[in-house]
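**Q** Okay, so here is work04.txt, and as you'll see once you scroll down, it has compact mmCIF, C-alpha atoms.
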# COMPACT_ATOMS: atom_id res chain seq x y z
CA MET A 1 20.37 -7.16 22.90
CA ALA A 2 21.54 -6.01 19.47
CA THR A 3 20.04 -2.85 18.02
CA PRO A 4 17.62 -3.77 15.25
CA THR A 5 18.54 -2.68 11.74
CA ASP A 6 16.35 -0.27 9.80
CA GLU A 7 15.07 -3.14 7.69
CA GLU A 8 14.15 -5.19 10.78
CA LEU A 9 12.31 -2.18 12.19
CA MET A 10 10.40 -1.74 8.93
CA LEU A 11 9.37 -5.39 9.02
CA GLN A 12 8.06 -4.80 12.53
CA VAL A 13 6.15 -1.76 11.26
CA LYS A 14 4.73 -3.97 8.52
CA ARG A 15 3.39 -6.28 11.23
CA GLY A 16 1.64 -3.28 12.84
CA ASP A 17 4.19 -2.13 15.41
CA ARG A 18 3.93 1.67 15.56
CA SER A 19 6.70 2.01 18.12
CA ALA A 20 9.11 0.56 15.55
CA PHE A 21 8.18 3.42 13.24
CA ASN A 22 8.92 5.87 16.05
CA ALA A 23 12.35 4.26 16.33
CA ILE A 24 12.89 4.76 12.59
CA MET A 25 11.86 8.39 12.93
CA ASP A 26 14.23 8.83 15.86
CA ARG A 27 17.02 7.75 13.53
CA TYR A 28 16.08 9.62 10.39
CA GLU A 29 13.88 12.58 11.29
CA LYS A 30 16.79 14.96 11.67
CA PRO A 31 18.88 13.79 8.67
CA VAL A 32 15.85 13.90 6.36
CA LEU A 33 14.73 17.30 7.68
CA ASN A 34 18.21 18.74 7.23
CA MET A 35 18.63 17.28 3.78
CA ILE A 36 15.33 18.88 2.69
CA TYR A 37 16.07 22.12 4.52
CA ARG A 38 19.46 22.48 2.84
CA TYR A 39 17.81 21.89 -0.51
CA LEU A 40 14.75 24.14 -0.09
CA GLN A 41 16.18 26.58 2.47
CA ASP A 42 12.69 26.97 3.86
CA TYR A 43 12.16 25.59 7.36
CA ASP A 44 8.37 25.22 7.31
CA GLY A 45 8.44 23.74 3.83
CA ALA A 46 11.14 21.32 4.95
CA GLN A 47 9.03 20.27 7.96
CA ASP A 48 6.06 19.57 5.70
CA LEU A 49 8.10 17.57 3.20
CA MET A 50 9.81 15.63 5.99
CA GLN A 51 6.40 14.62 7.33
CA GLU A 52 5.21 13.77 3.83
CA THR A 53 8.30 11.57 3.34
CA PHE A 54 7.60 9.58 6.50
CA LEU A 55 3.90 9.45 5.71
CA ARG A 56 4.66 7.85 2.34
CA VAL A 57 6.97 5.34 3.96
CA TYR A 58 4.34 4.53 6.58
CA LYS A 59 1.61 4.14 3.96
CA ALA A 60 3.84 1.79 1.97
CA ARG A 61 4.58 -0.39 5.02
CA GLU A 62 2.34 -3.25 3.91
CA ARG A 63 4.14 -3.51 0.57
CA TYR A 64 7.60 -3.20 2.13
CA GLU A 65 10.15 -5.83 1.17
CA VAL A 66 13.83 -5.82 1.95
CA ARG A 67 15.27 -5.18 -1.51
CA SER A 68 17.75 -2.39 -0.91
CA LYS A 69 19.03 -0.35 1.98
CA PHE A 70 16.16 1.32 3.84
CA SER A 71 17.96 4.66 4.07
CA THR A 72 18.47 4.70 0.30
CA TRP A 73 14.74 4.19 -0.25
CA LEU A 74 13.90 6.85 2.34
CA PHE A 75 16.21 9.42 0.75
CA GLN A 76 14.88 8.49 -2.70
CA ILE A 77 11.39 9.50 -1.53
CA ALA A 78 12.68 12.68 0.10
CA VAL A 79 14.69 13.69 -2.98
CA ASN A 80 11.75 13.06 -5.31
CA LEU A 81 9.51 15.19 -3.09
CA CYS A 82 12.14 17.95 -3.08
CA LEU A 83 12.47 17.95 -6.87
CA ASN A 84 8.68 17.95 -7.29
CA GLU A 85 8.28 20.77 -4.77
CA ARG A 86 10.93 22.80 -6.58
CA ARG A 87 9.10 22.34 -9.89
CA PHE A 88 5.76 23.19 -8.27
CA ARG A 89 7.21 26.34 -6.72
CA SER A 90 8.82 27.43 -9.96
CA TYR A 91 5.31 27.63 -11.45
CA ARG A 92 4.31 30.05 -8.75
CA ARG A 93 6.84 32.77 -9.45
CA HIS A 94 5.93 35.07 -6.58
CA ASP A 95 6.39 32.19 -4.17
CA SER A 96 9.65 30.98 -5.65
CA ILE A 97 12.49 29.64 -3.58
CA GLU A 98 14.73 32.46 -4.77
CA ALA A 99 12.26 35.01 -3.48
CA MET A 100 11.98 33.23 -0.16
CA ALA A 101 15.67 32.48 0.32
CA GLY A 102 16.47 36.01 1.44
CA GLN A 103 13.49 36.21 3.78
CA GLU A 104 13.88 32.90 5.51
CA VAL A 105 14.76 33.12 9.16
CA PRO A 106 16.53 29.84 9.78
CA ARG A 107 15.98 28.07 13.06
CA GLU A 108 19.40 26.62 13.13
CA LEU A 109 21.21 24.90 15.92
CA GLU A 110 23.70 27.47 16.93
CA ASP A 111 24.89 28.29 20.38
CA ALA A 112 25.34 31.98 19.81
CA ARG A 113 25.93 32.78 23.46
CA ALA A 114 29.56 31.66 23.32
CA LEU A 115 30.43 33.96 20.41
CA SER A 116 31.45 37.60 20.37
CA PRO A 117 29.38 40.02 18.24
CA GLU A 118 32.17 40.13 15.62
CA GLU A 119 32.39 36.35 15.46
CA LEU A 120 28.63 36.13 15.25
CA SER A 121 28.49 38.62 12.42
CA ARG A 122 31.30 36.84 10.56
CA LYS A 123 29.60 33.46 11.02
CA ALA A 124 26.27 34.83 9.84
CA GLU A 125 27.90 36.29 6.74
CA MET A 126 29.68 33.04 5.98
CA ALA A 127 26.50 30.99 6.53
CA SER A 128 24.60 33.31 4.25
CA LEU A 129 27.21 33.02 1.48
CA VAL A 130 27.41 29.23 1.83
CA ARG A 131 23.62 29.02 1.64
CA ALA A 132 23.59 31.19 -1.46
CA ALA A 133 26.38 29.14 -3.06
CA VAL A 134 24.53 25.86 -2.41
CA GLN A 135 21.32 27.41 -3.67
CA SER A 136 22.99 28.51 -6.88
CA LEU A 137 23.87 24.95 -7.86
CA PRO A 138 21.71 23.17 -10.42
CA GLU A 139 19.01 21.08 -8.73
CA GLU A 140 20.51 17.61 -9.08
CA GLU A 141 24.04 18.76 -8.31
CA ARG A 142 22.69 20.47 -5.20
CA VAL A 143 21.09 17.24 -4.02
CA MET A 144 24.32 15.33 -4.71
CA VAL A 145 26.43 17.78 -2.73
CA ILE A 146 23.99 17.62 0.19
CA LEU A 147 23.98 13.81 0.16
CA ALA A 148 27.76 13.61 -0.17
CA LYS A 149 28.74 16.30 2.30
CA TRP A 150 26.12 16.14 5.04
CA GLU A 151 24.65 12.67 4.70
CA GLU A 152 28.03 11.11 3.89
CA LYS A 153 26.59 8.91 1.18
CA SER A 154 28.89 6.99 -1.13
CA TYR A 155 28.91 7.53 -4.90
CA GLU A 156 27.00 4.25 -5.27
CA GLU A 157 24.33 5.26 -2.77
CA ILE A 158 23.92 8.70 -4.36
CA ALA A 159 23.60 7.03 -7.77
CA GLU A 160 20.89 4.75 -6.40
CA VAL A 161 19.02 7.61 -4.73
CA MET A 162 19.19 9.79 -7.84
CA GLY A 163 18.60 6.98 -10.31
CA CYS A 164 21.73 7.66 -12.38
CA SER A 165 25.12 6.06 -12.97
CA VAL A 166 28.06 6.26 -10.59
CA ASP A 167 30.05 8.01 -13.31
CA ALA A 168 27.35 10.67 -13.61
CA VAL A 169 27.54 11.22 -9.85
CA LYS A 170 31.32 11.55 -9.96
CA SER A 171 31.33 14.04 -12.80
CA ARG A 172 28.43 16.12 -11.48
CA LEU A 173 29.90 16.25 -8.00
CA TYR A 174 33.22 17.31 -9.51
CA ARG A 175 31.51 20.15 -11.41
CA ALA A 176 29.45 21.17 -8.38
CA LYS A 177 32.54 21.31 -6.16
CA LYS A 178 34.32 23.41 -8.78
CA MET A 179 31.42 25.88 -8.80
CA LEU A 180 31.33 26.02 -5.02
CA ARG A 181 35.10 26.49 -4.80
CA GLU A 182 34.83 29.39 -7.21
CA GLN A 183 32.08 31.08 -5.20
CA LEU A 184 33.59 30.45 -1.80
CA LYS A 185 37.24 30.89 -2.67
CA ASP A 186 37.78 33.68 -0.12
CA PHE A 187 36.60 31.51 2.75
CA ILE A 188 38.51 28.50 1.46
CA THR A 189 41.75 30.49 1.30
CA GLU A 190 41.04 31.64 4.85
CA HIS A 191 40.56 28.05 6.02
CA GLU A 192 43.65 26.86 4.24
CA GLY A 193 45.61 29.66 5.87
CA ILE A 194 44.55 28.58 9.38
CA MET B 195 31.07 7.57 2.28
CA LYS B 196 34.58 6.23 1.92
CA GLU B 197 37.45 8.42 3.06
CA SER B 198 38.74 8.62 -0.52
CA GLU B 199 35.36 9.88 -1.71
CA ASN B 200 34.53 12.22 1.11
CA ASN B 201 37.74 13.92 2.04
CA LYS B 202 36.75 15.48 5.34
CA SER B 203 39.91 17.58 5.33
CA ASP B 204 38.88 19.15 2.01
CA PRO B 205 38.76 22.92 2.74
CA LEU B 206 35.58 23.23 0.68
CA TRP B 207 33.82 20.68 2.88
CA LYS B 208 35.02 22.55 5.98
CA VAL B 209 33.62 25.82 4.64
CA LEU B 210 30.29 24.13 3.96
CA ASP B 211 30.09 23.36 7.68
CA ALA B 212 29.05 26.99 8.04
CA PHE B 213 25.62 25.86 6.83
CA PRO B 214 24.32 24.75 10.22
CA GLN B 215 21.74 22.09 10.82
CA VAL B 216 18.18 22.62 12.02
CA GLU B 217 16.20 20.80 14.68
CA SER B 218 12.85 19.25 14.08
CA HIS B 219 9.85 21.09 15.49
CA PRO B 220 9.07 19.83 19.05
CA GLN B 221 5.49 18.99 18.04
CA SER B 222 6.60 17.35 14.82
CA ARG B 223 6.09 13.74 15.95
CA ALA B 224 2.67 14.42 17.45
CA LYS B 225 1.67 16.24 14.26
CA PHE B 226 2.89 13.32 12.21
CA TRP B 227 0.75 10.76 14.06
CA ALA B 228 -2.22 13.11 13.97
CA ARG B 229 -1.74 13.36 10.22
CA VAL B 230 -1.54 9.57 9.93
CA ALA B 231 -4.78 9.21 11.92
CA ARG B 232 -6.51 11.85 9.78
CA ASP B 233 -5.25 10.23 6.61
CA GLU B 234 -6.37 6.75 7.67
CA ALA B 235 -9.79 8.06 8.71
CA THR B 236 -10.24 9.82 5.36
CA ALA B 237 -9.12 6.70 3.51
CA ALA B 238 -11.57 4.58 5.55
CA ILE B 239 -14.47 6.96 4.88
CA THR B 240 -13.63 7.12 1.20
CA SER B 241 -13.38 3.36 0.91
CA THR B 242 -16.60 2.90 2.93
CA ARG B 243 -18.44 5.35 0.66
CA TRP B 244 -17.02 3.73 -2.44
CA ARG B 245 -17.89 0.26 -1.18
CA TRP B 246 -21.43 1.45 -0.32
CA PHE B 247 -21.74 2.88 -3.81
CA LEU B 248 -20.48 -0.27 -5.56
CA ARG B 249 -22.26 -2.85 -3.43
CA ILE B 250 -25.55 -1.13 -2.64
CA ALA B 251 -26.26 2.05 -4.59
CA LEU B 252 -25.22 0.97 -8.07
CA PRO B 253 -27.01 -2.47 -8.05
CA SER B 254 -30.10 -0.87 -6.48
CA VAL B 255 -30.33 1.77 -9.16
CA GLY B 256 -29.77 -0.88 -11.85
CA MET B 257 -32.46 -3.12 -10.40
CA ALA B 258 -34.90 -0.20 -10.09
CA CYS B 259 -34.36 0.68 -13.76
CA VAL B 260 -35.04 -2.92 -14.83
CA ILE B 261 -38.22 -3.13 -12.71
CA LEU B 262 -39.47 0.23 -14.07
CA ALA B 263 -38.85 -0.89 -17.67
CA LEU B 264 -40.72 -4.17 -17.02
CA VAL B 265 -43.69 -2.41 -15.42
CA LEU B 266 -44.02 0.21 -18.18
CA GLY B 267 -43.55 -2.36 -20.95
CA GLY B 268 -46.03 -4.77 -19.32
CA ASN B 269 -48.62 -2.04 -18.94
CA ALA B 270 -48.24 -1.05 -22.58
CA LEU B 271 -48.67 -4.69 -23.65
CA ILE B 272 -51.75 -5.23 -21.45
CA GLN B 273 -53.37 -2.07 -22.79
CA ARG B 274 -52.64 -3.11 -26.38
CA HIS B 275 -54.19 -6.57 -25.80
CA ALA B 276 -57.32 -5.04 -24.29
CA GLU B 277 -57.73 -2.77 -27.29
CA ASP B 278 -57.21 -5.71 -29.69
CA ARG B 279 -59.84 -7.79 -27.90
CA GLU B 280 -62.32 -4.90 -27.93
CA ILE B 281 -61.88 -4.31 -31.67
CA ALA B 282 -62.05 -8.05 -32.53
CA ALA B 283 -65.28 -8.46 -30.55
CA ASN B 284 -66.99 -5.53 -32.21
CA LEU B 285 -65.34 -5.65 -35.61
CA GLU B 286 -68.61 -5.08 -37.60
CA LEU B 287 -69.55 -2.14 -35.45
CA TYR B 288 -66.14 -0.57 -35.85
CA GLU B 289 -66.21 -1.03 -39.63
CA ASN B 290 -69.70 0.52 -39.84
CA LEU B 291 -68.54 3.32 -37.65
CA ASP B 292 -65.74 3.94 -40.07
CA VAL B 293 -68.23 4.16 -42.93
CA ILE B 294 -70.57 6.46 -41.03
CA GLN B 295 -67.66 8.76 -40.21
CA ASN B 296 -66.55 8.77 -43.88
CA MET B 297 -69.14 11.08 -45.50
CA PRO B 298 -67.93 10.88 -49.15
CA GLN B 299 -68.06 7.06 -49.02
CA LEU B 300 -71.52 7.21 -47.46
CA ALA B 301 -72.77 9.61 -50.17
CA SER B 302 -71.52 7.34 -52.97
CA TYR B 303 -73.87 4.55 -51.94
CA GLU B 304 -77.04 4.41 -54.21
CA GLU B 305 -80.40 4.70 -52.55
CA PRO B 306 -82.06 1.25 -52.65
CA SER B 307 -84.93 0.94 -55.19
CA ASP B 308 -88.41 -0.20 -54.07
CA GLU B 309 -87.64 -3.72 -55.32
CA ASP B 310 -84.40 -3.90 -53.36
CA PHE B 311 -86.22 -2.59 -50.35
CA ASP B 312 -88.92 -5.25 -50.68
CA GLU B 313 -86.27 -7.95 -50.99
CA MET B 314 -84.52 -6.68 -47.90
CA VAL B 315 -87.81 -6.72 -45.97
CA GLU B 316 -88.56 -10.26 -47.13
Please express what this file holds, its structure, as structure tokens.
**A**
Amino acid sequence: MATPTDEELMLQVKRGDRSAFNAIMDRYEKPVLNMIYRYLQDYDGAQDLMQETFLRVYKARERYEVRSKFSTWLFQIAVNLCLNERRFRSYRRHDSIEAMAGQEVPRELEDARALSPEELSRKAEMASLVRAAVQSLPEEERVMVILAKWEEKSYEEIAEVMGCSVDAVKSRLYRAKKMLREQLKDFITEHEGI
Amino acid sequence: MKESENNKSDPLWKVLDAFPQVESHPQSRAKFWARVARDEATAAITSTRWRWFLRIALPSVGMACVILALVLGGNALIQRHAEDREIAANLELYENLDVIQNMPQLASYEEPSDEDFDEMVE
């Protein structure tokens, strides 16, 4: 039996099948959580927004119609929530993302047991610098890099998620990559040397 | 993403791999469905309260106001009619009462002469 598409699963959810929504969450829980986490760099905040994203999708089930790709719609909701959350947090200065970024203890998937203390320290330093570099990008560029790099979205899909033109995506991604290259040049040289 | 767009061999992309992924909280799914249940219950209560307000409370209050206005207005009308009937039935008495209560008017009347008095007696 062929695996149902996301859109077919959503139509089942629309008919009241909760298990179909569990199947959708099995597919997208982790990508959505990671997308939000990489944007906010706050694990608990990312968990909350991930749940809010799925809650909004679930609430909209009765109005769901297959117009565009389900994943595009899902990421649209997640990105909007991220941008809103960022704006909301920027009003509360003491609770800003910048203030939290250094304190956050990430619960990342890392099998540290196989690494030596030196390797661990080096990896931690690199992860910290990469996080800081991503965090330093302007909001929309940051989302575009996350969608392009980790979610492997095409220019067209990113444009649809962000509600802008493909040309805007291309140019912003180009600028974002340039900024990242500048900040991470030491590590890039190291990688190129390997 | 197409290979041309997402060059996986791009050293920058490889460096970004240092940003590891996170796992969802083990209780996340259970929390999600609990949140859905809570949300639906709240929505149901809100809609029930709203429906109760629109269908029962608001029309009841409106009807009560109309009935109260009719009762008060009716009472005022009935009382006014009773007073009118009373005055119409005893009009002469009321007019005389007015004269008696108006001392200057009463004093201006001339005392009847003996002839007038005799006429009145006749």
**Q** Counting all atoms listed in the file, which residues in chain A sit no more than 9 Å from chain B? For each one, give the nearest pair of atoms and the distance in Å, sorted by chain then residue number, as JSON lines.
**A**
{"residue": "A:Asn22", "atom": "CA", "partner": "B:Arg223", "partner_atom": "CA", "distance": 8.4}
{"residue": "A:Met25", "atom": "CA", "partner": "B:Arg223", "partner_atom": "CA", "distance": 8.4}
{"residue": "A:Glu29", "atom": "CA", "partner": "B:Ser218", "partner_atom": "CA", "distance": 7.3}
{"residue": "A:Lys30", "atom": "CA", "partner": "B:Ser218", "partner_atom": "CA", "distance": 6.3}
{"residue": "A:Leu33", "atom": "CA", "partner": "B:Ser218", "partner_atom": "CA", "distance": 6.9}
{"residue": "A:Asn34", "atom": "CA", "partner": "B:Gln215", "partner_atom": "CA", "distance": 6.0}
{"residue": "A:Tyr37", "atom": "CA", "partner": "B:Val216", "partner_atom": "CA", "distance": 7.8}
{"residue": "A:Arg38", "atom": "CA", "partner": "B:Phe213", "partner_atom": "CA", "distance": 8.1}
{"residue": "A:Tyr43", "atom": "CA", "partner": "B:Val216", "partner_atom": "CA", "distance": 8.2}
{"residue": "A:Gln47", "atom": "CA", "partner": "B:Ser218", "partner_atom": "CA", "distance": 7.3}
{"residue": "A:Gln51", "atom": "CA", "partner": "B:Phe226", "partner_atom": "CA", "distance": 6.2}
{"residue": "A:Glu52", "atom": "CA", "partner": "B:Phe226", "partner_atom": "CA", "distance": 8.7}
{"residue": "A:Phe54", "atom": "CA", "partner": "B:Phe226", "partner_atom": "CA", "distance": 8.3}
{"residue": "A:Leu55", "atom": "CA", "partner": "B:Val230", "partner_atom": "CA", "distance": 6.9}
{"residue": "A:Tyr58", "atom": "CA", "partner": "B:Val230", "partner_atom": "CA", "distance": 8.4}
{"residue": "A:Lys59", "atom": "CA", "partner": "B:Val230", "partner_atom": "CA", "distance": 8.7}
{"residue": "A:Pro106", "atom": "CA", "partner": "B:Val216", "partner_atom": "CA", "distance": 7.7}
{"residue": "A:Arg107", "atom": "CA", "partner": "B:Val216", "partner_atom": "CA", "distance": 6.0}
{"residue": "A:Glu108", "atom": "CA", "partner": "B:Val216", "partner_atom": "CA", "distance": 4.3}
{"residue": "A:Leu109", "atom": "CA", "partner": "B:Val216", "partner_atom": "CA", "distance": 5.4}
{"residue": "A:Glu110", "atom": "CA", "partner": "B:Pro214", "partner_atom": "CA", "distance": 7.3}
{"residue": "A:Lys123", "atom": "CA", "partner": "B:Ala212", "partner_atom": "CA", "distance": 7.1}
{"residue": "A:Ala124", "atom": "CA", "partner": "B:Ala212", "partner_atom": "CA", "distance": 8.5}
{"residue": "A:Met126", "atom": "CA", "partner": "B:Ala212", "partner_atom": "CA", "distance": 6.4}
{"residue": "A:Ala127", "atom": "CA", "partner": "B:Ala212", "partner_atom": "CA", "distance": 5.0}
{"residue": "A:Ser128", "atom": "CA", "partner": "B:Phe213", "partner_atom": "CA", "distance": 7.9}
{"residue": "A:Val130", "atom": "CA", "partner": "B:Leu210", "partner_atom": "CA", "distance": 6.2}
{"residue": "A:Arg131", "atom": "CA", "partner": "B:Phe213", "partner_atom": "CA", "distance": 6.4}
{"residue": "A:Val134", "atom": "CA", "partner": "B:Leu210", "partner_atom": "CA", "distance": 8.8}
{"residue": "A:Ala148", "atom": "CA", "partner": "B:Asn200", "partner_atom": "CA", "distance": 7.0}
{"residue": "A:Lys149", "atom": "CA", "partner": "B:Trp207", "partner_atom": "CA", "distance": 6.7}
{"residue": "A:Trp150", "atom": "CA", "partner": "B:Asp211", "partner_atom": "CA", "distance": 8.7}
{"residue": "A:Glu151", "atom": "CA", "partner": "B:Met195", "partner_atom": "CA", "distance": 8.5}
{"residue": "A:Glu152", "atom": "CA", "partner": "B:Met195", "partner_atom": "CA", "distance": 4.9}
{"residue": "A:Lys153", "atom": "CA", "partner": "B:Met195", "partner_atom": "CA", "distance": 4.8}
{"residue": "A:Ser154", "atom": "CA", "partner": "B:Met195", "partner_atom": "CA", "distance": 4.1}
{"residue": "A:Tyr155", "atom": "CA", "partner": "B:Met195", "partner_atom": "CA", "distance": 7.5}
{"residue": "A:Glu157", "atom": "CA", "partner": "B:Met195", "partner_atom": "CA", "distance": 8.7}
{"residue": "A:Lys177", "atom": "CA", "partner": "B:Leu206", "partner_atom": "CA", "distance": 7.7}
{"residue": "A:Leu180", "atom": "CA", "partner": "B:Leu206", "partner_atom": "CA", "distance": 7.6}
{"residue": "A:Arg181", "atom": "CA", "partner": "B:Leu206", "partner_atom": "CA", "distance": 6.4}
{"residue": "A:Leu184", "atom": "CA", "partner": "B:Leu206", "partner_atom": "CA", "distance": 7.9}
{"residue": "A:Lys185", "atom": "CA", "partner": "B:Leu206", "partner_atom": "CA", "distance": 8.5}
{"residue": "A:Phe187", "atom": "CA", "partner": "B:Val209", "partner_atom": "CA", "distance": 6.7}
{"residue": "A:Ile188", "atom": "CA", "partner": "B:Pro205", "partner_atom": "CA", "distance": 5.7}
{"residue": "A:Thr189", "atom": "CA", "partner": "B:Pro205", "partner_atom": "CA", "distance": 8.3}
{"residue": "A:His191", "atom": "CA", "partner": "B:Pro205", "partner_atom": "CA", "distance": 6.3}
{"residue": "A:Glu192", "atom": "CA", "partner": "B:Pro205", "partner_atom": "CA", "distance": 6.5}
**Q** For a test of reading the model, state the distance in Å between CA of Lys170 (chain A) and CA of Met35 (chain A), rounded to one decimal.
**A**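 Separation between CA of Lys170 (chain A) and CA of Met35 (chain A): 19.6 Å.
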**Q** So, with only C-alpha atoms as the atoms that count, which of A:Ile146, A:Val13, A:Ala78, A:Leu137 lies closest to Met50 (chain A)?
**A** A:Ala78
**Q** Could you name the residues that touch Tyr174 (chain A) at 10 Å or less, counting only C-alpha atoms, but leaving out those on the same chain fewer than 6 positions away, as a short mmCIF file (atom, residue, chain, number, x, y, z; two decimals) with C-alpha atoms, in the coordinates of the input?
**A**
data_model
loop_
_atom_site.label_atom_id
_atom_site.label_comp_id
_atom_site.auth_asym_id
_atom_site.auth_seq_id
_atom_site.Cartn_x
_atom_site.Cartn_y
_atom_site.Cartn_z
CA GLU A 141 24.04 18.76 -8.31
CA VAL A 145 26.43 17.78 -2.73
CA ALA A 168 27.35 10.67 -13.61
CA LEU A 180 31.33 26.02 -5.02
#
**Q** Any idea what the distance is between CA of Leu120 (chain A) and CA of Pro31 (chain A)?
**A**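 Spanning CA of Leu120 (chain A) to CA of Pro31 (chain A) is a straight-line distance of 25.2 Å.
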**Q** Which is closer to Val143 (chain A) than all the others in A:Tyr28, A:Phe88, A:Trp73, A:Tyr39, using all atoms listed in the file?
**A**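 Result for the nearest residue to Val143 (chain A): A:Tyr39.
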**Q** Will you model N, CA and C atoms for region 167-190 of chain A and pass it back as a CSV table (one decimal), keeping the file's coordinate frame?
**A**
chain,number,residue,atom,x,y,z
A,167,ASP,N,29.2,7.1,-12.6
A,167,ASP,CA,30.0,8.0,-13.3
A,167,ASP,C,29.4,9.4,-13.4
A,168,ALA,N,28.1,9.4,-13.6
A,168,ALA,CA,27.4,10.7,-13.6
A,168,ALA,C,27.5,11.4,-12.3
A,169,VAL,N,27.4,10.6,-11.2
A,169,VAL,CA,27.5,11.2,-9.8
A,169,VAL,C,28.9,11.8,-9.7
A,170,LYS,N,29.9,11.1,-10.1
A,170,LYS,CA,31.3,11.6,-10.0
A,170,LYS,C,31.5,12.8,-10.7
A,171,SER,N,31.1,12.9,-12.0
A,171,SER,CA,31.3,14.0,-12.8
A,171,SER,C,30.5,15.2,-12.3
A,172,ARG,N,29.3,15.0,-11.9
A,172,ARG,CA,28.4,16.1,-11.5
A,172,ARG,C,28.9,16.7,-10.2
A,173,LEU,N,29.4,15.8,-9.3
A,173,LEU,CA,29.9,16.2,-8.0
A,173,LEU,C,31.2,17.1,-8.2
A,174,TYR,N,32.0,16.6,-9.2
A,174,TYR,CA,33.2,17.3,-9.5
A,174,TYR,C,32.9,18.7,-10.0
A,175,ARG,N,31.9,18.8,-10.9
A,175,ARG,CA,31.5,20.2,-11.4
A,175,ARG,C,30.9,21.0,-10.3
A,176,ALA,N,30.1,20.4,-9.5
A,176,ALA,CA,29.4,21.2,-8.4
A,176,ALA,C,30.5,21.7,-7.4
A,177,LYS,N,31.5,20.9,-7.1
A,177,LYS,CA,32.5,21.3,-6.2
A,177,LYS,C,33.3,22.5,-6.8
A,178,LYS,N,33.6,22.4,-8.1
A,178,LYS,CA,34.3,23.4,-8.8
A,178,LYS,C,33.6,24.7,-8.7
A,179,MET,N,32.2,24.7,-8.9
A,179,MET,CA,31.4,25.9,-8.8
A,179,MET,C,31.4,26.5,-7.4
A,180,LEU,N,31.3,25.6,-6.4
A,180,LEU,CA,31.3,26.0,-5.0
A,180,LEU,C,32.7,26.6,-4.6
A,181,ARG,N,33.8,26.0,-5.1
A,181,ARG,CA,35.1,26.5,-4.8
A,181,ARG,C,35.3,27.9,-5.4
A,182,GLU,N,34.7,28.1,-6.6
A,182,GLU,CA,34.8,29.4,-7.2
A,182,GLU,C,34.1,30.5,-6.4
A,183,GLN,N,32.9,30.1,-5.9
A,183,GLN,CA,32.1,31.1,-5.2
A,183,GLN,C,32.6,31.3,-3.8
A,184,LEU,N,33.2,30.3,-3.2
A,184,LEU,CA,33.6,30.4,-1.8
A,184,LEU,C,35.1,30.5,-1.6
A,185,LYS,N,35.8,31.0,-2.7
A,185,LYS,CA,37.2,30.9,-2.7
A,185,LYS,C,37.9,31.7,-1.5
A,186,ASP,N,37.2,32.8,-1.2
A,186,ASP,CA,37.8,33.7,-0.1
A,186,ASP,C,37.8,32.9,1.2
A,187,PHE,N,36.7,32.3,1.5
A,187,PHE,CA,36.6,31.5,2.8
A,187,PHE,C,37.5,30.3,2.7
A,188,ILE,N,37.7,29.7,1.6
A,188,ILE,CA,38.5,28.5,1.5
A,188,ILE,C,40.0,28.9,1.7
A,189,THR,N,40.4,30.0,1.1
A,189,THR,CA,41.8,30.5,1.3
A,189,THR,C,42.0,30.8,2.8
A,190,GLU,N,41.0,31.3,3.4
A,190,GLU,CA,41.0,31.6,4.8
A,190,GLU,C,41.3,30.4,5.7
